[in-house]
Number of protein chains: 2
Amino acid sequence: MSIDVATLLDRAREGDPRAVARLISLVENGAPQLREILAALSAYAGSAYLVGLTGSPGVGKSTTTNALVSEYRARGRRVGVLAVDPSSPFSGGALLGDRVRMQDHATDPDVFIRSMASRGHLGGLAAATPQAARVLEAAGCEVVLIETVGVGQSEIEVASAADTTVVLLAPGMGDGIQAAKAGILEIGDVYVVNKADRDGAESTARELNHMLALGERRNPGDWRQPIVKTVAARGEGVVEVVEALEKHRAYLAETGRLQARRLARAAAEIEAIALGVLRTRYGSVHGSDDTPLRRLAERVSAGELDPFTAADELLA
Amino acid sequence: MSIDVATLLDRAREGDPRAVARLISLVENGAPQLREILAALSAYAGSAYLVGLTGSPGVGKSTTTNALVSEYRARGRRVGVLAVDPSSPFSGGALLGDRVRMQDHATDPDVFIRSMASRGHLGGLAAATPQAARVLEAAGCEVVLIETVGVGQSEIEVASAADTTVVLLAPGMGDGIQAAKAGILEIGDVYVVNKADRDGAESTARELNHMLALGERRNPGDWRQPIVKTVAARGEGVVEVVEALEKHRAYLAETGRLQARRLARAAAEIEAIALGVLRTRYGSVHGSDDTPLRRLAERVSAGELDPFTAADELLA
């Protein structure tokens, strides 16, 4: 079946969920039409507000995402959700339990929900996620929520893929210490202590507040990360989360940081694609193909060549 | 002061600790002599066995490293230690408490210990660590222990920087679940349950064993990751750890996997250097310099250009 990118994009612009899904599949799978699709999408660049949500398993990310979708819909916004599934080669994702399926929004024509596989990218954000966000942006989504499981690297990736990053915690999970270990204190713009009706919510918020204060190297006018307490399953505190997000977005826009973040994101995307292009030229060392990279790696490994000279030869 | 690389290297070969320290500082700081040093080091490539040690704060990594050094010294080996300090921009590393200083080996001329800063590399292994390992290798170290704090990405980096990766756990830290979350079950060649005299050591080992079994997709002859119980502070179980390491090294050598791992490592190093070379050509988007990358990122960010075309222009 031939695929007419222009027709698909027209349908996606009209809000046809099958066209949106199709386009995301094409970018996710690195289809031959990828370049054509991205060229067509670029006209809509920057129209959506990208919000990353991260946190350890069990803090209620999906429930919170679901509640945020409801609140944004109540405000009349078209919303996209990208849920990055950890498809660990070890667990197949099964260790993380079942994802809330966001059935609440299954029939809403102004909500697009998509699971992304994070295959081939250890624990991380699916490589195609920024491109899938571009599809949702072109489909008229004013807000795109990117939900990932929070383990190390993926948190950093969420922070660099989003305009605003929300870090979720829950009481009684030792999350304060976890947070410090995992470096999430460096990436959150808005913190949410979910399950705030449980014992320990106050102390989790207090500990977090203390740790954020410890980390302050703030100049006057810098963003003060808010800590919002929620019971997402009952929708409590969700209005406050959306308000904190709107405030952060306004802050980013006023200070020119929105543009700076998006510039950094575009640069990272360009670099990643350039690296991919180079890799197709010089090949891989995995497998047994006799590629240029393999030949150089063999010589470095054998002590016949130093890695700098090898790098020069690789680029020559 | 002019630095004669050949003289420094000669002295390092003779075991002069100041020459070793100087060379590591030069590679760590990306000194102008970096290329010359690496070219001179490449003659010794592959002579050292690289062991990575990772695990959450508090499991006793430094104590275990210290005990492993003693055991390798008892076997007459010259040993290098690279301790990668997390110099988080947030904490300055202070959250992790004081490092055991390995005073036991301070005066041993056949032990080289070096702290590496992980600056500029969020939570991760210092970029210069593989190159510092090459210095220790040239200085005649037969074993190089690379100790890093285990948070997400750095674990994966340890696994790719080492011949054999040791993952440490301790009872009562919820490490079983942590392990699964952080993906460390995918990277360990040898597992150590340290502080095995504490309550819960048995159940930690059992839980770990269960999780490793769950993850098995093993072919006949594949490596079966051993779980060794230790009380590193008293040296208990350390002989068994070294024996497990020797066994794994023999396994890697016999199956050709040592060569494959080293090939992958060399390739990663070449690629990283090549990327660095490219970056000096096309610049950064950080700061306000008008670099080629910045100009392209601005156009992508403004929707005037798609990222693929930008990548093509970057490489042109």
# chains A, B, ... in the order shown; residues from 1 in each chain; ligands from 1
call {"tool": "interface_residues", "arguments": {"of": "chain B", "to": "chain A", "cutoff": "7 Å", "atoms": "only C-alpha atoms", "output": "number ranges by chain"}}
result
B: 35, 38-39, 42-46, 90-91, 151-153, 181-182, 186, 215, 262-264, 266-267, 269-271, 273-274, 285, 293, 297-298, 300-308, 310-312, 315
call {"tool": "residues_around", "arguments": {"residues": "region 194-201 of chain A", "least_positions_apart": "6", "cutoff": "8 Å", "atoms": "only C-alpha atoms", "output": "list in words"}}
result
Val59, Gly60, Leu168, Leu169, Ala170, Pro171, Gly172, Lys229, Thr230, Val231 and Ala232 of chain A
call {"tool": "atom_distance", "arguments": {"atom1": "CA of Leu136 (chain A)", "atom2": "CA of Pro109 (chain A)"}}
result
13.0 Å
call {"tool": "residues_around", "arguments": {"residues": "region 67-75 of chain A", "least_positions_apart": "6", "cutoff": "7 Å", "atoms": "only C-alpha atoms", "output": "PyMOL selection string"}}
result
chain A and resi 232+235+238-239
call {"tool": "write_last_selection", "arguments": {"atoms": "N, CA and C atoms", "output": "JSON list (two decimals), in the first residue's frame"}}
result
[["chain", "number", "residue", "atom", "x", "y", "z"],
["A", 232, "ALA", "N", -4.24, 12.19, 42.88],
["A", 232, "ALA", "CA", -4.63, 12.21, 41.47],
["A", 232, "ALA", "C", -5.82, 11.30, 41.19],
["A", 235, "GLY", "N", -8.60, 13.33, 41.67],
["A", 235, "GLY", "CA", -8.52, 14.62, 41.01],
["A", 235, "GLY", "C", -8.11, 15.77, 41.92],
["A", 238, "VAL", "N", -5.12, 18.70, 41.21],
["A", 238, "VAL", "CA", -4.73, 18.68, 39.79],
["A", 238, "VAL", "C", -4.84, 20.07, 39.16],
["A", 239, "VAL", "N", -5.85, 20.81, 39.57],
["A", 239, "VAL", "CA", -5.97, 22.20, 39.11],
["A", 239, "VAL", "C", -4.69, 22.97, 39.46]]
call {"tool": "atom_distance", "arguments": {"atom1": "CA of Thr291 (chain A)", "atom2": "CA of Ala316 (chain A)"}}
result
14.7 Å
call {"tool": "calpha_fit_and_write", "arguments": {"fixed": "chain B", "moving": "chain A", "output": "short mmCIF file (atom, residue, chain, number, x, y, z; two decimals) with C-alpha atoms, in the first residue's frame"}}
result
data_model
loop_
_atom_site.label_atom_id
_atom_site.label_comp_id
_atom_site.auth_asym_id
_atom_site.auth_seq_id
_atom_site.Cartn_x
_atom_site.Cartn_y
_atom_site.Cartn_z
CA MET A 1 56.87 24.18 32.45
CA SER A 2 57.20 22.05 29.38
CA ILE A 3 56.10 18.49 29.64
CA ASP A 4 58.00 15.76 27.90
CA VAL A 5 55.45 13.02 27.32
CA ALA A 6 58.06 10.37 26.53
CA THR A 7 59.92 11.03 29.79
CA LEU A 8 56.69 11.00 31.79
CA LEU A 9 55.67 7.74 30.22
CA ASP A 10 59.08 6.18 30.89
CA ARG A 11 58.78 7.16 34.54
CA ALA A 12 55.20 5.87 34.70
CA ARG A 13 56.40 2.56 33.22
CA GLU A 14 58.94 2.37 36.06
CA GLY A 15 56.07 2.84 38.52
CA ASP A 16 56.68 6.45 39.52
CA PRO A 17 53.34 7.43 41.08
CA ARG A 18 53.85 11.15 40.39
CA ALA A 19 54.35 10.46 36.69
CA VAL A 20 51.21 8.30 36.66
CA ALA A 21 49.23 11.00 38.44
CA ARG A 22 50.54 13.64 36.07
CA LEU A 23 49.57 11.66 33.00
CA ILE A 24 46.08 11.04 34.35
CA SER A 25 45.68 14.75 35.07
CA LEU A 26 46.75 15.56 31.54
CA VAL A 27 44.21 13.21 29.98
CA GLU A 28 41.52 14.23 32.47
CA ASN A 29 41.99 17.89 31.64
CA GLY A 30 42.15 17.33 27.91
CA ALA A 31 45.64 18.82 27.78
CA PRO A 32 47.16 19.74 24.41
CA GLN A 33 49.39 16.68 24.77
CA LEU A 34 46.34 14.37 24.91
CA ARG A 35 46.78 12.98 21.43
CA GLU A 36 50.47 12.45 21.90
CA ILE A 37 49.88 10.67 25.21
CA LEU A 38 47.22 8.37 23.82
CA ALA A 39 49.36 7.56 20.81
CA ALA A 40 52.18 6.56 23.18
CA LEU A 41 49.83 4.56 25.43
CA SER A 42 48.33 2.50 22.66
CA ALA A 43 51.30 0.12 22.61
CA TYR A 44 50.12 -1.23 25.97
CA ALA A 45 46.47 -1.62 25.00
CA GLY A 46 44.72 -4.66 26.39
CA SER A 47 47.29 -5.68 28.99
CA ALA A 48 45.10 -4.81 32.01
CA TYR A 49 41.93 -6.50 33.15
CA LEU A 50 39.28 -3.84 33.76
CA VAL A 51 36.77 -4.52 36.52
CA GLY A 52 33.83 -2.16 37.06
CA LEU A 53 32.17 -1.97 40.48
CA THR A 54 28.80 -0.33 40.88
CA GLY A 55 25.96 -0.20 43.38
CA SER A 56 23.83 2.23 45.34
CA PRO A 57 25.39 4.51 47.95
CA GLY A 58 25.81 2.66 51.23
CA VAL A 59 26.38 -0.85 49.90
CA GLY A 60 30.08 -0.65 50.65
CA LYS A 61 31.68 -0.13 47.27
CA SER A 62 34.81 1.57 48.59
CA THR A 63 35.25 -1.00 51.36
CA THR A 64 34.88 -3.78 48.83
CA THR A 65 37.29 -2.13 46.41
CA ASN A 66 39.77 -1.79 49.26
CA ALA A 67 39.40 -5.48 50.13
CA LEU A 68 39.79 -6.49 46.48
CA VAL A 69 42.99 -4.49 46.24
CA SER A 70 44.35 -6.39 49.27
CA GLU A 71 43.46 -9.73 47.72
CA TYR A 72 44.99 -8.86 44.34
CA ARG A 73 48.12 -7.62 46.09
CA ALA A 74 48.32 -10.89 48.02
CA ARG A 75 48.40 -12.53 44.59
CA GLY A 76 51.28 -10.31 43.54
CA ARG A 77 49.37 -8.19 41.04
CA ARG A 78 49.93 -4.49 40.46
CA VAL A 79 46.55 -2.80 40.90
CA GLY A 80 45.02 0.48 39.80
CA VAL A 81 41.85 2.01 41.21
CA LEU A 82 39.77 4.70 39.51
CA ALA A 83 37.09 6.05 41.84
CA VAL A 84 34.60 8.14 39.97
CA ASP A 85 33.29 10.84 42.27
CA PRO A 86 29.85 12.13 41.59
CA SER A 87 30.39 15.84 41.38
CA SER A 88 26.75 16.64 40.98
CA PRO A 89 26.12 20.33 40.34
CA PHE A 90 23.45 19.96 42.99
CA SER A 91 25.15 18.23 45.86
CA GLY A 92 28.81 18.66 45.14
CA GLY A 93 28.88 15.01 46.11
CA ALA A 94 28.35 15.79 49.77
CA LEU A 95 25.15 13.77 50.01
CA LEU A 96 27.09 10.59 49.53
CA GLY A 97 29.19 10.90 52.64
CA ASP A 98 32.87 10.42 52.93
CA ARG A 99 34.72 8.04 50.76
CA VAL A 100 36.84 5.42 52.42
CA ARG A 101 40.29 6.64 51.60
CA MET A 102 41.94 3.28 51.17
CA GLN A 103 44.66 4.25 53.56
CA ASP A 104 45.64 0.59 53.75
CA HIS A 105 47.33 0.89 50.40
CA ALA A 106 48.63 4.44 50.58
CA THR A 107 52.25 3.41 50.82
CA ASP A 108 52.18 0.36 48.56
CA PRO A 109 54.23 1.15 45.41
CA ASP A 110 52.21 -1.37 43.41
CA VAL A 111 48.86 0.28 44.04
CA PHE A 112 47.70 3.39 42.19
CA ILE A 113 44.52 5.06 43.42
CA ARG A 114 42.90 7.96 41.67
CA SER A 115 39.67 9.86 42.12
CA MET A 116 38.11 11.03 38.89
CA ALA A 117 35.67 13.90 38.73
CA SER A 118 32.54 13.13 36.75
CA ARG A 119 32.04 16.77 35.90
CA GLY A 120 29.92 17.79 33.00
CA HIS A 121 28.50 14.35 32.60
CA LEU A 122 25.31 14.11 34.63
CA GLY A 123 25.74 11.39 37.25
CA GLY A 124 27.94 9.46 34.94
CA LEU A 125 31.34 8.01 34.55
CA ALA A 126 34.03 10.59 33.99
CA ALA A 127 34.55 10.92 30.27
CA ALA A 128 38.27 10.52 30.74
CA THR A 129 37.99 7.28 32.70
CA PRO A 130 38.80 4.91 29.82
CA GLN A 131 41.83 7.03 29.02
CA ALA A 132 42.93 7.09 32.67
CA ALA A 133 42.62 3.30 32.62
CA ARG A 134 45.01 3.28 29.67
CA VAL A 135 47.54 5.22 31.74
CA LEU A 136 47.29 2.68 34.58
CA GLU A 137 47.61 -0.11 32.04
CA ALA A 138 50.79 1.42 30.67
CA ALA A 139 52.07 1.78 34.25
CA GLY A 140 51.96 -1.99 34.51
CA CYS A 141 48.68 -2.44 36.37
CA GLU A 142 47.40 -5.92 35.68
CA VAL A 143 44.03 -5.14 37.21
CA VAL A 144 42.21 -1.80 37.13
CA LEU A 145 39.18 -1.44 39.41
CA ILE A 146 36.73 1.25 38.30
CA GLU A 147 34.38 2.19 41.10
CA THR A 148 31.34 4.35 40.44
CA VAL A 149 28.21 5.28 42.27
CA GLY A 150 25.39 3.30 40.78
CA VAL A 151 22.73 5.55 39.39
CA GLY A 152 21.15 4.64 36.11
CA GLN A 153 23.30 5.78 33.29
CA SER A 154 26.61 5.39 35.09
CA GLU A 155 25.90 1.69 35.58
CA ILE A 156 25.49 1.21 31.90
CA GLU A 157 28.68 3.17 31.30
CA VAL A 158 30.59 1.05 33.81
CA ALA A 159 29.40 -2.06 32.05
CA SER A 160 30.61 -0.76 28.73
CA ALA A 161 33.92 0.53 30.13
CA ALA A 162 34.90 -2.71 31.90
CA ASP A 163 35.74 -6.26 30.95
CA THR A 164 33.78 -7.53 33.94
CA THR A 165 31.12 -5.67 35.89
CA VAL A 166 30.48 -6.31 39.56
CA VAL A 167 27.15 -5.15 40.96
CA LEU A 168 27.05 -4.70 44.72
CA LEU A 169 23.97 -4.87 46.91
CA ALA A 170 23.41 -4.85 50.64
CA PRO A 171 20.56 -6.24 52.71
CA GLY A 172 17.69 -4.10 53.87
CA MET A 173 17.94 -1.44 51.23
CA GLY A 174 15.12 -2.67 49.02
CA ASP A 175 17.83 -3.34 46.53
CA GLY A 176 16.02 -6.15 44.77
CA ILE A 177 13.34 -3.83 43.51
CA GLN A 178 15.86 -1.05 43.03
CA ALA A 179 17.96 -3.39 40.96
CA ALA A 180 15.08 -4.20 38.67
CA LYS A 181 14.17 -0.55 38.30
CA ALA A 182 17.65 0.59 37.55
CA GLY A 183 18.31 -2.14 35.06
CA ILE A 184 21.37 -3.38 36.93
CA LEU A 185 20.19 -6.92 36.38
CA GLU A 186 21.13 -6.47 32.77
CA ILE A 187 24.70 -5.42 33.39
CA GLY A 188 26.21 -7.52 36.20
CA ASP A 189 28.62 -10.34 35.47
CA VAL A 190 29.22 -10.98 39.16
CA TYR A 191 26.86 -9.98 41.99
CA VAL A 192 28.03 -9.28 45.52
CA VAL A 193 25.71 -9.10 48.52
CA ASN A 194 27.89 -7.19 50.95
CA LYS A 195 27.25 -6.76 54.69
CA ALA A 196 26.17 -10.39 54.64
CA ASP A 197 26.34 -10.53 58.45
CA ARG A 198 23.28 -8.31 58.62
CA ASP A 199 19.64 -9.30 58.80
CA GLY A 200 18.08 -9.82 55.43
CA ALA A 201 21.25 -10.85 53.58
CA GLU A 202 19.77 -14.25 52.78
CA SER A 203 16.54 -12.82 51.47
CA THR A 204 18.38 -10.20 49.40
CA ALA A 205 20.47 -12.96 47.81
CA ARG A 206 17.38 -15.10 47.28
CA GLU A 207 15.40 -12.27 45.73
CA LEU A 208 18.30 -11.40 43.48
CA ASN A 209 18.71 -15.02 42.47
CA HIS A 210 15.02 -15.17 41.66
CA MET A 211 15.18 -12.04 39.55
CA LEU A 212 18.25 -13.23 37.69
CA ALA A 213 16.45 -16.52 36.98
CA LEU A 214 13.44 -14.58 35.67
CA GLY A 215 15.66 -12.75 33.26
CA GLU A 216 17.31 -15.82 31.88
CA ARG A 217 17.32 -16.27 28.17
CA ARG A 218 20.32 -18.41 28.34
CA ASN A 219 21.90 -20.65 25.80
CA PRO A 220 23.96 -23.66 26.83
CA GLY A 221 27.43 -22.49 27.81
CA ASP A 222 26.33 -18.96 28.66
CA TRP A 223 27.73 -17.30 31.74
CA ARG A 224 25.76 -17.92 34.93
CA GLN A 225 26.17 -14.80 37.07
CA PRO A 226 27.35 -15.87 40.52
CA ILE A 227 26.09 -14.22 43.71
CA VAL A 228 28.85 -13.92 46.31
CA LYS A 229 28.14 -12.96 49.92
CA THR A 230 30.78 -10.80 51.57
CA VAL A 231 31.56 -8.84 54.69
CA ALA A 232 34.10 -6.65 52.96
CA ALA A 233 34.97 -4.70 56.11
CA ARG A 234 36.36 -7.95 57.56
CA GLY A 235 37.62 -9.32 54.26
CA GLU A 236 35.11 -12.18 54.33
CA GLY A 237 34.16 -13.60 50.95
CA VAL A 238 36.66 -11.46 49.08
CA VAL A 239 38.73 -14.42 47.91
CA GLU A 240 35.52 -15.81 46.42
CA VAL A 241 34.85 -12.54 44.62
CA VAL A 242 38.32 -12.56 43.06
CA GLU A 243 37.83 -16.19 42.08
CA ALA A 244 34.51 -15.34 40.45
CA LEU A 245 36.25 -12.52 38.57
CA GLU A 246 39.04 -14.81 37.36
CA LYS A 247 36.46 -17.34 36.24
CA HIS A 248 34.56 -14.69 34.33
CA ARG A 249 37.71 -13.43 32.70
CA ALA A 250 38.60 -16.96 31.62
CA TYR A 251 35.06 -17.41 30.30
CA LEU A 252 35.31 -14.18 28.30
CA ALA A 253 38.68 -15.15 26.87
CA GLU A 254 37.62 -18.71 25.95
CA THR A 255 34.40 -17.65 24.25
CA GLY A 256 35.94 -14.74 22.33
CA ARG A 257 33.73 -12.32 24.25
CA LEU A 258 36.66 -10.50 25.80
CA GLN A 259 37.75 -9.47 22.33
CA ALA A 260 34.15 -8.57 21.39
CA ARG A 261 33.71 -6.39 24.49
CA ARG A 262 37.00 -4.64 23.90
CA LEU A 263 36.14 -4.08 20.27
CA ALA A 264 32.83 -2.50 21.29
CA ARG A 265 34.67 -0.37 23.83
CA ALA A 266 37.24 0.80 21.31
CA ALA A 267 34.45 1.63 18.87
CA ALA A 268 32.57 3.63 21.51
CA GLU A 269 35.75 5.52 22.35
CA ILE A 270 36.48 6.29 18.70
CA GLU A 271 32.89 7.45 18.16
CA ALA A 272 32.95 9.66 21.25
CA ILE A 273 36.19 11.30 20.10
CA ALA A 274 34.83 11.72 16.57
CA LEU A 275 31.74 13.39 17.98
CA GLY A 276 33.98 15.69 20.02
CA VAL A 277 35.95 16.59 16.90
CA LEU A 278 32.73 17.37 15.04
CA ARG A 279 31.51 19.49 17.93
CA THR A 280 34.59 21.62 17.86
CA ARG A 281 33.82 22.20 14.18
CA TYR A 282 30.16 23.06 14.38
CA GLY A 283 30.04 24.50 17.87
CA SER A 284 27.39 24.46 20.56
CA VAL A 285 24.03 26.10 21.17
CA HIS A 286 24.94 26.90 24.75
CA GLY A 287 26.23 30.38 25.25
CA SER A 288 25.44 33.02 22.68
CA ASP A 289 28.06 32.34 20.01
CA ASP A 290 26.81 32.29 16.47
CA THR A 291 27.88 28.73 15.62
CA PRO A 292 26.83 26.56 12.66
CA LEU A 293 24.83 24.28 15.00
CA ARG A 294 23.09 27.25 16.57
CA ARG A 295 22.07 28.66 13.22
CA LEU A 296 20.61 25.31 12.17
CA ALA A 297 18.87 24.80 15.53
CA GLU A 298 17.31 28.25 15.22
CA ARG A 299 15.89 27.42 11.81
CA VAL A 300 14.55 24.04 13.00
CA SER A 301 13.12 25.63 16.12
CA ALA A 302 11.39 28.29 14.00
CA GLY A 303 9.91 25.64 11.70
CA GLU A 304 11.93 26.82 8.69
CA LEU A 305 13.89 23.62 8.37
CA ASP A 306 13.35 19.98 9.29
CA PRO A 307 15.95 18.25 11.48
CA PHE A 308 17.05 15.79 8.78
CA THR A 309 17.93 18.51 6.31
CA ALA A 310 19.66 20.35 9.17
CA ALA A 311 21.70 17.22 9.96
CA ASP A 312 22.71 16.95 6.30
CA GLU A 313 23.84 20.57 6.33
CA LEU A 314 25.71 20.03 9.58
CA LEU A 315 27.74 17.22 8.06
CA ALA A 316 28.25 18.93 4.72
#
call {"tool": "select_by_dssp", "arguments": {"residues": "region 163-315 of chain B", "states": "helix (DSSP H, G or I)", "output": "JSON, numbers by chain"}}
result
{"B": [175, 176, 177, 178, 179, 180, 181, 182, 184, 185, 186, 201, 202, 203, 204, 205, 206, 207, 208, 209, 210, 211, 212, 213, 214, 232, 233, 234, 238, 239, 240, 241, 242, 243, 244, 245, 246, 247, 248, 249, 250, 251, 252, 253, 254, 255, 257, 258, 259, 260, 261, 262, 263, 264, 265, 266, 267, 268, 269, 270, 271, 272, 273, 274, 275, 276, 277, 278, 279, 280, 281, 282, 292, 293, 294, 295, 296, 297, 298, 299, 300, 301, 307, 308, 309, 310, 311, 312, 313, 314, 315]}
